[in-house]
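Trainee: Contents of final.tsv (TSV, C-alpha atoms and all ligand atoms) are below:
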```tsv
chain	number	residue	atom	x	y	z
A	1	MET	CA	129.70	124.26	100.63
A	2	PRO	CA	130.29	122.02	97.60
A	3	PRO	CA	133.46	119.88	97.48
A	4	LEU	CA	136.45	122.23	97.39
A	5	GLU	CA	138.23	120.32	94.60
A	6	ASP	CA	135.27	120.76	92.26
A	7	TYR	CA	135.24	124.48	92.83
A	8	GLN	CA	139.00	124.68	92.44
A	9	GLU	CA	138.72	122.96	89.09
A	10	ARG	CA	136.28	125.63	87.95
A	11	MET	CA	138.68	128.31	89.16
A	12	ALA	CA	141.65	126.72	87.38
A	13	HIS	CA	139.67	127.03	84.15
A	14	LEU	CA	139.19	130.77	84.78
A	15	TRP	CA	142.94	131.16	85.17
A	16	GLU	CA	143.14	129.95	81.58
A	17	THR	CA	140.23	131.75	79.95
A	18	LEU	CA	140.75	134.99	81.92
A	19	HIS	CA	137.07	135.70	81.34
A	20	LEU	CA	136.11	136.73	84.86
A	21	THR	CA	132.82	138.57	84.43
A	22	ASN	CA	130.45	140.13	81.83
A	23	ASN	CA	128.32	137.18	80.79
A	24	GLY	CA	131.03	134.53	80.81
A	25	GLU	CA	130.49	130.82	80.28
A	26	TYR	CA	129.68	129.99	83.91
A	27	HIS	CA	127.17	132.80	83.97
A	28	LYS	CA	125.49	131.52	80.81
A	29	ALA	CA	125.49	127.94	82.09
A	30	LEU	CA	124.04	128.87	85.49
A	31	LYS	CA	121.32	130.95	83.87
A	32	GLU	CA	120.22	128.00	81.72
A	33	GLU	CA	120.42	125.49	84.55
A	34	LEU	CA	118.38	127.68	86.87
A	35	LYS	CA	115.80	128.40	84.18
A	36	ASN	CA	115.27	124.68	83.75
A	37	TYR	CA	115.41	123.83	87.41
A	38	LEU	CA	112.95	126.54	88.43
A	39	LYS	CA	110.80	126.19	85.28
A	40	ALA	CA	111.20	129.92	84.88
A	41	PRO	CA	109.85	131.60	81.74
A	42	ASN	CA	112.57	134.28	81.82
A	43	LEU	CA	115.44	134.62	84.25
A	44	MET	CA	118.27	137.06	84.74
A	45	LEU	CA	121.18	136.81	87.18
A	46	PHE	CA	122.39	139.66	89.38
A	47	ASN	CA	125.14	140.25	91.91
A	48	ASN	CA	122.64	140.15	94.78
A	49	GLY	CA	118.93	139.89	95.43
A	50	THR	CA	118.55	143.48	96.56
A	51	LEU	CA	119.83	144.95	93.31
A	52	ALA	CA	117.81	142.39	91.35
A	53	LEU	CA	114.68	143.65	93.08
A	54	PHE	CA	115.69	147.29	92.72
A	55	LEU	CA	116.35	146.99	88.99
A	56	GLY	CA	113.26	144.85	88.47
A	57	LEU	CA	111.09	147.53	90.03
A	58	LYS	CA	112.92	150.14	87.94
A	59	ALA	CA	112.24	148.22	84.72
A	60	LEU	CA	108.53	148.18	85.53
A	61	HIS	CA	108.55	152.01	85.56
A	62	LEU	CA	106.55	152.31	88.73
A	63	SER	CA	105.73	155.58	90.41
A	64	GLY	CA	103.95	156.82	93.53
A	65	GLU	CA	102.92	154.22	96.07
A	66	VAL	CA	103.58	150.50	96.36
A	67	ILE	CA	101.60	148.35	98.78
A	68	THR	CA	103.90	146.07	100.73
A	69	THR	CA	104.43	144.30	104.03
A	70	PRO	CA	106.22	145.50	107.16
A	71	PHE	CA	107.15	141.91	108.09
A	72	THR	CA	110.13	141.45	105.80
A	73	PHE	CA	113.87	141.92	105.48
A	74	PRO	CA	114.88	145.61	105.12
A	75	ALA	CA	115.98	145.06	101.50
A	76	THR	CA	112.37	144.71	100.32
A	77	VAL	CA	111.40	148.23	101.28
A	78	GLU	CA	114.83	149.79	100.77
A	79	ALA	CA	114.57	148.89	97.09
A	80	LEU	CA	111.43	151.05	97.01
A	81	ASP	CA	113.14	153.91	98.84
A	82	TRP	CA	115.98	154.15	96.33
A	83	LEU	CA	113.48	154.51	93.50
A	84	GLY	CA	111.60	157.28	95.28
A	85	LEU	CA	108.58	155.00	95.69
A	86	THR	CA	106.50	155.25	98.85
A	87	PRO	CA	105.83	152.00	100.69
A	88	VAL	CA	102.28	151.64	101.93
A	89	PHE	CA	102.37	149.04	104.68
A	90	CYS	CA	99.60	146.47	104.79
A	91	ASP	CA	99.03	144.13	107.72
A	92	ILE	CA	99.84	140.41	107.53
A	93	ARG	CA	97.92	137.18	108.08
A	94	ARG	CA	98.17	135.63	111.50
A	95	ASP	CA	98.61	132.06	110.31
A	96	ASP	CA	101.42	132.43	107.76
A	97	TYR	CA	102.70	136.05	108.08
A	98	THR	CA	102.23	136.92	104.38
A	99	ILE	CA	100.49	140.12	103.33
A	100	ASP	CA	96.78	140.06	104.17
A	101	ALA	CA	95.21	140.31	100.73
A	102	ASP	CA	91.85	141.17	102.28
A	103	LYS	CA	93.34	144.43	103.55
A	104	ILE	CA	95.06	145.51	100.33
A	105	GLU	CA	92.17	147.11	98.50
A	106	ALA	CA	91.43	149.64	101.24
A	107	LEU	CA	95.00	150.97	100.82
A	108	ILE	CA	94.81	151.59	97.08
A	109	THR	CA	94.79	155.23	96.00
A	110	GLU	CA	95.19	156.82	92.56
A	111	LYS	CA	98.93	156.90	93.26
A	112	THR	CA	99.22	153.12	93.73
A	113	THR	CA	101.12	151.36	90.95
A	114	ALA	CA	102.11	147.98	92.39
A	115	ILE	CA	101.89	145.35	95.10
A	116	LEU	CA	105.20	144.04	96.46
A	117	ALA	CA	104.55	140.91	98.51
A	118	VAL	CA	106.90	138.48	100.24
A	119	HIS	CA	106.69	134.68	100.49
A	120	VAL	CA	107.69	134.91	104.15
A	121	PHE	CA	109.70	131.87	105.34
A	122	GLY	CA	108.58	130.22	102.12
A	123	ASN	CA	104.90	130.53	102.99
A	124	PRO	CA	103.20	131.32	99.69
A	125	CYS	CA	101.24	134.56	99.48
A	126	ASP	CA	97.62	134.38	98.41
A	127	THR	CA	98.73	134.77	94.80
A	128	ARG	CA	95.24	134.31	93.36
A	129	LYS	CA	93.59	137.02	95.41
A	130	ILE	CA	96.51	139.38	94.96
A	131	GLN	CA	96.37	138.94	91.18
A	132	GLU	CA	92.61	139.55	91.13
A	133	ILE	CA	93.07	142.83	93.00
A	134	ALA	CA	95.97	143.84	90.77
A	135	ASP	CA	93.98	143.12	87.61
A	136	ARG	CA	91.00	145.10	88.86
A	137	HIS	CA	93.16	148.15	89.61
A	138	HIS	CA	95.80	147.76	86.87
A	139	LEU	CA	98.67	147.21	89.29
A	140	LYS	CA	101.90	145.30	88.84
A	141	VAL	CA	102.65	142.40	91.18
A	142	ILE	CA	106.18	141.71	92.37
A	143	TYR	CA	107.16	138.94	94.76
A	144	ASP	CA	110.18	138.90	97.00
A	145	GLY	CA	110.88	135.19	96.73
A	146	ALA	CA	114.16	135.20	98.66
A	147	HIS	CA	112.74	132.54	100.99
A	148	ALA	CA	111.07	130.44	98.33
A	149	PHE	CA	113.75	129.16	95.97
A	150	SER	CA	112.35	126.23	93.95
A	151	SER	CA	109.07	126.15	95.88
A	152	SER	CA	105.81	125.31	94.22
A	153	TYR	CA	102.33	126.47	95.04
A	154	LEU	CA	98.98	125.17	93.76
A	155	GLY	CA	100.86	122.87	91.45
A	156	GLN	CA	102.86	125.65	89.80
A	157	PRO	CA	106.41	126.88	90.36
A	158	ILE	CA	106.12	129.75	92.80
A	159	VAL	CA	108.11	131.99	90.44
A	160	SER	CA	105.31	131.71	87.88
A	161	TYR	CA	103.08	134.08	89.84
A	162	GLY	CA	102.96	137.84	89.38
A	163	ASP	CA	104.90	139.99	86.92
A	164	MET	CA	108.18	139.27	88.60
A	165	THR	CA	109.83	137.34	91.42
A	166	MET	CA	113.15	138.18	93.03
A	167	LEU	CA	115.37	135.40	94.31
A	168	SER	CA	118.37	135.84	96.59
A	169	PHE	CA	121.43	133.61	96.38
A	170	HIS	CA	123.09	135.00	99.49
A	171	ALA	CA	125.28	132.55	101.41
A	172	THR	CA	122.56	132.00	104.01
A	173	LYS	CA	119.88	130.94	101.54
A	174	LEU	CA	118.99	127.38	100.50
A	175	PHE	CA	120.74	127.77	97.15
A	176	HIS	CA	123.61	130.24	97.02
A	177	THR	CA	126.36	131.80	94.95
A	178	VAL	CA	128.03	133.42	98.03
A	179	GLU	CA	126.39	136.70	96.99
A	180	GLY	CA	123.93	136.73	94.13
A	181	GLY	CA	120.36	136.91	93.02
A	182	ALA	CA	117.98	136.62	90.13
A	183	LEU	CA	114.78	137.94	88.67
A	184	VAL	CA	112.20	135.65	87.13
A	185	PHE	CA	109.73	137.58	85.00
A	186	SER	CA	106.76	136.82	82.81
A	187	GLU	CA	107.32	139.30	79.96
A	188	SER	CA	110.33	138.41	77.82
A	189	LYS	CA	110.52	141.94	76.47
A	190	LEU	CA	111.80	143.10	79.86
A	191	GLU	CA	115.02	141.20	79.28
A	192	GLU	CA	116.62	143.87	77.13
A	193	GLU	CA	116.02	146.75	79.52
A	194	LEU	CA	117.05	144.69	82.55
A	195	GLY	CA	120.27	143.76	80.78
A	196	LEU	CA	121.01	147.43	80.16
A	197	LEU	CA	120.16	148.43	83.71
A	198	ARG	CA	122.49	145.75	85.02
A	199	ASN	CA	125.42	147.00	82.96
A	200	PHE	CA	125.60	150.83	83.14
A	201	GLY	CA	123.04	151.23	80.35
A	202	ILE	CA	125.71	150.29	77.81
A	203	ALA	CA	124.00	148.93	74.68
A	204	ALA	CA	127.10	148.75	72.48
A	205	PRO	CA	130.60	150.18	72.50
A	206	GLU	CA	130.22	153.96	72.58
A	207	GLN	CA	126.48	153.68	73.09
A	208	VAL	CA	125.05	154.39	76.54
A	209	VAL	CA	121.28	154.51	76.25
A	210	LEU	CA	119.99	154.75	79.79
A	211	SER	CA	121.20	155.33	83.32
A	212	GLY	CA	121.96	151.95	84.80
A	213	LEU	CA	124.42	150.65	87.33
A	214	ASN	CA	126.62	147.63	87.89
A	215	ALA	CA	124.75	144.57	89.09
A	216	LYS	CA	126.35	141.74	87.14
A	217	MET	CA	127.15	138.32	88.56
A	218	SER	CA	130.82	137.41	88.18
A	219	GLU	CA	132.21	134.07	86.99
A	220	VAL	CA	133.60	133.38	90.46
A	221	HIS	CA	130.08	133.56	91.87
A	222	ALA	CA	128.37	131.76	88.99
A	223	ALA	CA	130.87	128.91	89.40
A	224	MET	CA	129.81	128.52	93.02
A	225	GLY	CA	126.18	128.33	91.90
A	226	LEU	CA	126.98	125.62	89.36
A	227	GLU	CA	128.63	123.56	92.10
A	228	VAL	CA	125.94	124.16	94.73
A	229	LEU	CA	122.89	123.53	92.54
A	230	PRO	CA	123.37	119.74	92.21
A	231	TYR	CA	123.17	119.45	96.01
A	232	VAL	CA	119.94	121.37	96.51
A	233	GLU	CA	117.59	118.38	96.20
A	234	GLN	CA	119.64	116.36	98.66
A	235	GLU	CA	119.74	119.28	101.08
A	236	LYS	CA	115.97	119.66	100.83
A	237	LEU	CA	115.44	115.97	101.60
A	238	ARG	CA	117.67	116.21	104.67
A	239	ARG	CA	115.86	119.30	105.83
A	240	ALA	CA	112.50	117.59	105.33
A	241	LYS	CA	113.71	114.93	107.77
A	242	ILE	CA	114.92	117.55	110.22
A	243	LEU	CA	111.59	119.36	110.01
A	244	LYS	CA	109.82	116.10	110.82
A	245	ARG	CA	112.11	115.59	113.81
A	246	TYR	CA	111.43	119.11	115.05
A	247	LYS	CA	107.70	118.51	114.66
A	248	GLN	CA	107.93	115.35	116.77
A	249	GLY	CA	110.17	117.03	119.32
A	250	LEU	CA	107.96	120.06	119.77
A	251	GLU	CA	104.65	118.25	119.64
A	252	GLY	CA	102.60	118.97	122.68
A	253	VAL	CA	104.84	121.82	123.90
A	254	ALA	CA	102.06	124.22	124.76
A	255	GLY	CA	102.56	127.74	123.43
A	256	ILE	CA	105.11	126.79	120.76
A	257	ARG	CA	103.94	126.58	117.14
A	258	ILE	CA	106.05	125.67	114.11
A	259	VAL	CA	104.85	128.21	111.61
A	260	ASN	CA	105.37	126.45	108.30
A	261	GLY	CA	105.08	122.81	109.16
A	262	ASP	CA	102.70	121.97	106.31
A	263	GLU	CA	104.74	120.66	103.39
A	264	SER	CA	101.78	120.65	101.03
A	265	MET	CA	101.75	124.45	101.33
A	266	ASN	CA	105.38	125.22	102.07
A	267	ASN	CA	108.16	123.24	100.43
A	268	SER	CA	110.91	125.84	100.65
A	269	PHE	CA	112.91	124.17	103.48
A	270	GLN	CA	114.80	127.36	104.16
A	271	TYR	CA	113.79	128.41	107.68
A	272	LEU	CA	112.36	126.89	110.79
A	273	PRO	CA	110.30	129.62	112.42
A	274	ILE	CA	108.42	129.11	115.64
A	275	GLU	CA	105.89	131.35	117.33
A	276	VAL	CA	106.14	131.70	121.09
A	277	ASP	CA	102.93	132.43	122.93
A	278	GLN	CA	104.12	133.76	126.27
A	279	GLU	CA	100.79	133.34	128.03
A	280	VAL	CA	100.71	129.63	127.33
A	281	TYR	CA	104.43	128.81	127.20
A	282	GLY	CA	105.47	130.86	130.20
A	283	LEU	CA	108.50	132.53	128.63
A	284	ASN	CA	108.41	135.16	125.92
A	285	ARG	CA	110.36	134.90	122.66
A	286	ASP	CA	113.31	136.96	123.87
A	287	GLU	CA	113.58	134.91	127.06
A	288	LEU	CA	113.57	131.71	125.03
A	289	ILE	CA	116.35	133.06	122.79
A	290	ASP	CA	118.40	133.86	125.91
A	291	LEU	CA	117.72	130.47	127.45
A	292	LEU	CA	118.81	128.66	124.28
A	293	LYS	CA	121.95	130.78	124.15
A	294	THR	CA	123.04	129.33	127.49
A	295	HIS	CA	123.02	125.96	125.69
A	296	GLU	CA	124.94	127.46	122.76
A	297	ILE	CA	121.86	127.24	120.56
A	298	TYR	CA	121.43	130.38	118.52
A	299	GLY	CA	117.91	131.30	117.51
A	300	ARG	CA	117.20	134.56	115.70
A	301	LYS	CA	114.47	137.14	115.85
A	302	TYR	CA	113.19	137.27	112.36
A	303	PHE	CA	111.94	139.79	111.22
A	304	TYR	CA	112.64	142.30	113.90
A	305	PRO	CA	112.18	145.21	114.03
A	306	LEU	CA	109.28	145.70	111.62
A	307	CYS	CA	110.19	147.74	108.55
A	308	SER	CA	107.34	150.14	109.31
A	309	SER	CA	109.21	151.18	112.46
A	310	PHE	CA	112.29	152.46	110.59
A	311	SER	CA	113.00	156.07	111.52
A	312	TRP	CA	112.79	157.37	107.96
A	313	TYR	CA	109.17	156.26	107.60
A	314	GLU	CA	108.06	158.55	110.38
A	315	GLY	CA	105.14	160.52	109.01
A	316	ASN	CA	104.12	157.78	106.59
A	317	PRO	CA	100.47	157.28	107.65
A	318	SER	CA	100.51	153.57	106.78
A	319	THR	CA	102.98	152.93	109.62
A	320	ASN	CA	100.23	153.60	112.16
A	321	PRO	CA	100.37	150.60	114.52
A	322	LYS	CA	96.56	150.52	114.61
A	323	ASN	CA	96.53	149.25	111.03
A	324	LEU	CA	99.36	146.78	111.60
A	325	SER	CA	98.19	145.05	114.74
A	326	VAL	CA	98.92	141.50	113.57
A	327	ALA	CA	102.40	142.38	112.32
A	328	MET	CA	103.16	144.23	115.57
A	329	ASP	CA	102.11	141.22	117.59
A	330	ILE	CA	103.91	138.63	115.43
A	331	ALA	CA	107.18	140.60	115.42
A	332	GLU	CA	107.33	140.07	119.20
A	333	LYS	CA	106.64	136.34	119.03
A	334	VAL	CA	108.59	134.79	116.17
A	335	MET	CA	112.08	133.34	116.08
A	336	THR	CA	113.91	130.90	113.83
A	337	LEU	CA	115.70	127.77	115.04
A	338	PRO	CA	118.90	126.20	113.66
A	339	TYR	CA	118.03	124.51	110.36
A	340	TYR	CA	120.51	123.02	107.93
A	341	GLY	CA	121.14	119.63	106.38
A	342	ARG	CA	124.14	118.75	108.53
A	343	LEU	CA	122.27	119.35	111.76
A	344	ARG	CA	122.24	115.99	113.55
A	345	GLU	CA	119.02	114.39	114.74
A	346	GLU	CA	120.35	114.25	118.29
A	347	ASP	CA	121.01	117.98	118.11
A	348	VAL	CA	117.41	118.57	117.06
A	349	ASP	CA	116.28	116.42	119.96
A	350	TYR	CA	118.48	118.42	122.32
A	351	ILE	CA	117.13	121.74	121.02
A	352	CYS	CA	113.57	120.49	121.43
A	353	ALA	CA	114.31	119.23	124.94
A	354	CYS	CA	115.72	122.64	125.89
A	355	ILE	CA	112.57	124.32	124.60
A	356	ARG	CA	110.33	121.78	126.32
A	357	ASN	CA	112.10	121.75	129.69
A	358	LYS	CA	113.08	125.45	129.87
A	359	VAL	CA	116.18	124.66	131.92
A	360	ILE	CA	118.97	127.24	131.85
A	361	TYR	CA	122.35	125.64	131.36
A	362	GLN	CA	124.78	126.41	134.16
A	363	GLU	CA	128.45	125.51	134.28
A	364	GLY	CA	128.91	122.58	136.65
A	365	GLY	CA	125.15	122.05	136.81
A	366	GLU	CA	123.07	119.16	135.53
A	401	LIG	C1	118.03	137.74	101.82
A	401	LIG	C2	116.82	138.54	101.56
A	401	LIG	C3	116.85	139.67	100.73
A	401	LIG	C4	118.13	140.26	100.22
A	401	LIG	O1	118.82	139.48	99.32
A	401	LIG	P1	120.40	139.74	99.10
A	401	LIG	O2	120.75	138.73	98.05
A	401	LIG	O3	121.07	139.48	100.41
A	401	LIG	O4	120.58	141.12	98.62
A	401	LIG	C5	115.66	140.31	100.45
A	401	LIG	N1	114.49	139.90	100.97
A	401	LIG	C6	114.42	138.83	101.79
A	401	LIG	C7	113.09	138.41	102.31
A	401	LIG	C8	115.58	138.14	102.13
A	401	LIG	O5	115.51	137.10	102.97
```
Show how you would write the structure in this file as structure tokens.
Mentor:
Amino acid sequence: MPPLEDYQERMAHLWETLHLTNNGEYHKALKEELKNYLKAPNLMLFNNGTLALFLGLKALHLSGEVITTPFTFPATVEALDWLGLTPVFCDIRRDDYTIDADKIEALITEKTTAILAVHVFGNPCDTRKIQEIADRHHLKVIYDGAHAFSSSYLGQPIVSYGDMTMLSFHATKLFHTVEGGALVFSESKLEEELGLLRNFGIAAPEQVVLSGLNAKMSEVHAAMGLEVLPYVEQEKLRRAKILKRYKQGLEGVAGIRIVNGDESMNNSFQYLPIEVDQEVYGLNRDELIDLLKTHEIYGRKYFYPLCSSFSWYEGNPSTNPKNLSVAMDIAEKVMTLPYYGRLREEDVDYICACIRNKVIYQEGGE
């Protein structure tokens, strides 16, 4: 949270202007600041990441099938569902959990119109290979970048890849507006249609030109973004230190792997996922979560269950576990650890010691 007084000052101003939403001054200011900060060619704000993705996909006029990953947050595939698009699930890479680009081409049919990939835990997708495939088959490329705010990859801002990248500004993300999101897109001509889609399709008073909905970011939310943004760099630096501490603390713990420990590849600083190899470590992921809970340390299964296992995809041939063997395996092994700037180094050491020593905390015990 930013300093309360600073936010209150922004609110006091709203009590004077009474301009609470519909492209107010905070909205305009946040849009410009984010564009600069992210080096985004075009950027539009939304009331959450899910609707940003949904309307972005809508503006691309996709149809038929979209190749995507089962190892993601439900919102990624639910955005497809609401547009009547069929997700075609592709397996993921074992080392970084992003979509396995080598398996995409075999899934393309004449109904395929796009690839929707996710920078999972900030791990960058193989953007080069994905773009090559898309170009060869005339497909659009959309990235769910909810985990990759302000990341860079191969020397470029991560939002520069593909036709479009969705960002989420939910309270749990690195940068937030309480609820909120954005689209970064390469073609500036999309801006007009996206603006209409975000505001009921209203082009002018008494002129409704297409069927949209309401997905605007309010001034109350934009104000939070303006106050949070100046702290992002500082938060990233703190988290870089915490990551280093975790790396030291977990070094040599057999069967535990920090998934995105390589800062040259992943500079998102949003999650701290570990993979638990039961055969080597002795406990499985769920047992480790339970053990940590006894110490009041709350890890999370992430992402679990796989999207391909949702009941409404029954009958979708791409959900066949045979074709998703890596994702099936990873979904049983991965969890995230506490990770935020105010986490103290001694707390990190304690968490690592609990993982290393596997001792269940008991009242009155050691
Ligand atoms: C948070 C998140 C979303 C959803 O964003 P909201 O802003 O909460 O709607 C989508 N995809 C991923 C990968 C996320 O982590």
Trainee: Within 6 Å of ligand LIG 401 (chain A) (counting all atoms listed in the file), which residues show up? I'd like them as a list of chain:residue names.
Mentor: A:Asn48, A:Gly49, A:Thr50, A:Thr72, A:Phe73, A:Ala75, A:Thr76, A:Asp144, A:Ala146, A:His147, A:Ser168, A:Phe169, A:His170, A:Gly180, A:Gly181
Trainee: Find the residues near stretch 112-129 of chain A: any atom within 9 Å, counting only C-alpha atoms, skip ones fewer than 2 places away on the same chain, and give them as a PyMOL selection string.
Mentor: chain A and resi 62-69+71-72+76-77+88+96-102+104+107-110+131-134+137-149+151-153+158+161-162+259-260+265-273
Trainee: Wanna dump the stretch 134-232 of chain A-stretch 321-345 of chain A contacts at 12 Å for me, each residue with its shortest atom pair and the distance in Å to one decimal, counting all atoms listed in the file, ordered by chain and number, as a tab-separated table?
Mentor:
```
residue	atom	partner	partner_atom	distance
A:Thr172	CA	A:Tyr340	CA	10.0
A:Lys173	CA	A:Tyr340	CA	10.2
A:Leu174	CA	A:Tyr340	CA	8.7
A:Phe175	CA	A:Tyr340	CA	11.8
A:Tyr231	CA	A:Gly341	CA	10.6
A:Val232	CA	A:Gly341	CA	10.1
```
Trainee: So that I can see what lies close to stretch 186-195 of chain A, please list as number ranges by chain the residues with an atom at most 10 Å from it, counting all atoms listed in the file and leaving out residues fewer than 4 positions away in the same chain.
Mentor: A: 40-46, 52, 55-60, 159-165, 199-203, 209-210, 212, 215-216
Trainee: Rounded to one decimal place, report the atom CA of A:Val208-atom CA of A:Asn22 distance in Å.
Mentor: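 Separation of atom CA of A:Val208 and atom CA of A:Asn22: 16.1 Å.
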Trainee: Would you mind reading off the distance between atom CA of A:Lys358 and atom CA of A:Asp95, one decimal, in Å?
Mentor: 25.2 Å
Trainee: Select, from A:Gln156, A:Arg257, A:Asp262, A:Glu5, the residue with the minimum atom-to-atom distance to A:Arg285, counting only C-alpha atoms.
Mentor: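 Using only C-alpha atoms, the shortest distance to A:Arg285 belongs to A:Arg257.
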